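So this block is query_15.tsv, TSV, C-alpha atoms:
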```
chain	number	residue	atom	x	y	z
A	173	MET	CA	78.75	13.06	19.77
A	174	GLY	CA	78.96	9.30	19.53
A	175	PHE	CA	76.85	6.82	17.64
A	176	THR	CA	76.43	3.10	17.16
A	177	LEU	CA	74.69	1.28	14.36
A	178	ASP	CA	73.59	-2.28	13.79
A	179	ALA	CA	71.03	-3.83	11.44
A	180	GLN	CA	68.11	-2.88	13.73
A	181	THR	CA	69.11	0.25	15.69
A	182	TYR	CA	70.89	3.57	15.22
A	183	ASN	CA	71.91	5.08	18.58
A	184	VAL	CA	73.18	8.65	18.68
A	185	SER	CA	74.13	10.22	22.01
A	186	GLY	CA	71.93	7.72	23.88
A	187	LYS	CA	68.79	8.18	21.75
A	188	GLU	CA	67.73	5.10	19.75
A	189	PHE	CA	66.06	5.03	16.35
A	190	PRO	CA	64.90	1.90	14.51
A	191	VAL	CA	66.67	1.24	11.21
A	192	VAL	CA	64.21	0.96	8.32
A	193	GLN	CA	66.71	0.00	5.61
A	194	ILE	CA	70.45	-0.07	4.87
A	195	ASP	CA	71.70	0.13	1.29
A	196	LYS	CA	75.30	-0.48	0.24
A	197	LEU	CA	76.81	2.30	-1.86
A	198	GLY	CA	79.86	1.19	-3.80
A	199	ASP	CA	82.84	-0.33	-2.04
A	200	GLN	CA	83.01	1.93	1.03
A	201	GLY	CA	79.60	3.41	1.71
A	202	TYR	CA	76.16	2.81	3.16
A	203	TYR	CA	72.91	4.76	3.11
A	204	VAL	CA	70.88	4.25	6.28
A	205	VAL	CA	67.14	5.02	6.26
A	206	LEU	CA	65.52	5.85	9.59
A	207	PRO	CA	61.84	6.62	10.36
A	208	ASP	CA	60.21	9.49	8.45
A	209	ASN	CA	62.61	8.81	5.54
A	210	TYR	CA	65.48	10.51	7.38
A	211	GLY	CA	68.68	9.30	5.75
A	212	ILE	CA	72.34	9.30	6.69
A	213	GLY	CA	75.28	8.32	4.57
A	214	LEU	CA	78.37	6.57	5.87
A	215	PHE	CA	81.32	6.91	3.50
A	216	GLU	CA	85.08	6.30	3.30
A	217	ILE	CA	84.72	3.57	5.90
A	218	GLU	CA	88.07	2.44	7.26
A	219	GLU	CA	89.03	0.37	10.30
A	220	ASN	CA	89.10	3.40	12.62
A	221	SER	CA	87.29	6.17	10.76
A	222	LEU	CA	84.42	7.13	8.45
A	223	VAL	CA	82.57	10.16	7.11
A	224	TRP	CA	79.01	10.66	8.43
A	225	TYR	CA	76.65	12.70	6.21
A	226	SER	CA	73.12	13.99	6.91
A	227	GLN	CA	70.87	14.16	3.87
A	228	ALA	CA	68.49	16.55	5.63
A	229	SER	CA	70.96	19.17	6.84
A	230	GLY	CA	73.92	18.58	4.53
A	231	ASP	CA	76.22	18.30	7.58
A	232	ALA	CA	79.24	16.01	7.22
A	233	PHE	CA	81.55	14.87	10.01
A	234	ASP	CA	84.82	12.97	10.00
A	235	CYS	CA	84.34	10.33	12.70
A	236	ARG	CA	86.84	8.10	14.43
A	237	ARG	CA	86.42	4.92	16.44
A	238	GLU	CA	86.92	5.23	20.18
```
Could you take the file, read its structure, and then write that structure out as structure tokens?
Amino acid sequence: MGFTLDAQTYNVSGKEFPVVQIDKLGDQGYYVVLPDNYGIGLFEIEENSLVWYSQASGDAFDCRRE
């Protein structure tokens, strides 16, 4: 599964969602709000990796840059 994110769009596996809001969490984290108040957390952000977390399901994935 791959994803991209910018200030306006979250794209996961080719499906796009508009970004409602992005909040900075500490030094290495962001909380991204999508439609219907679905939220994802991006933590431990490094040059080539991060941790992706789903608020709804509780799933967390270690992700790396391709």
- Note on the structure: One decimal place gives the CA of Lys196 in chain A-CA of Gln227 in chain A separation as 15.7 Å
- Item | Residue contacts of Ala232 in chain A (10 Å, only C-alpha atoms) excluding same-chain residues fewer than 6 positions away, as a list in words | Ile212, Gly213, Leu214, Val223, Trp224, Tyr225 and Ser226 of chain A
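Computed from the coordinates, the CA of Leu177 in chain A to CA of Tyr210 in chain A distance equals 14.8 Å.
Note that the spacing between CA of Asp234 in chain A and CA of Val192 in chain A amounts to 23.9 Å.
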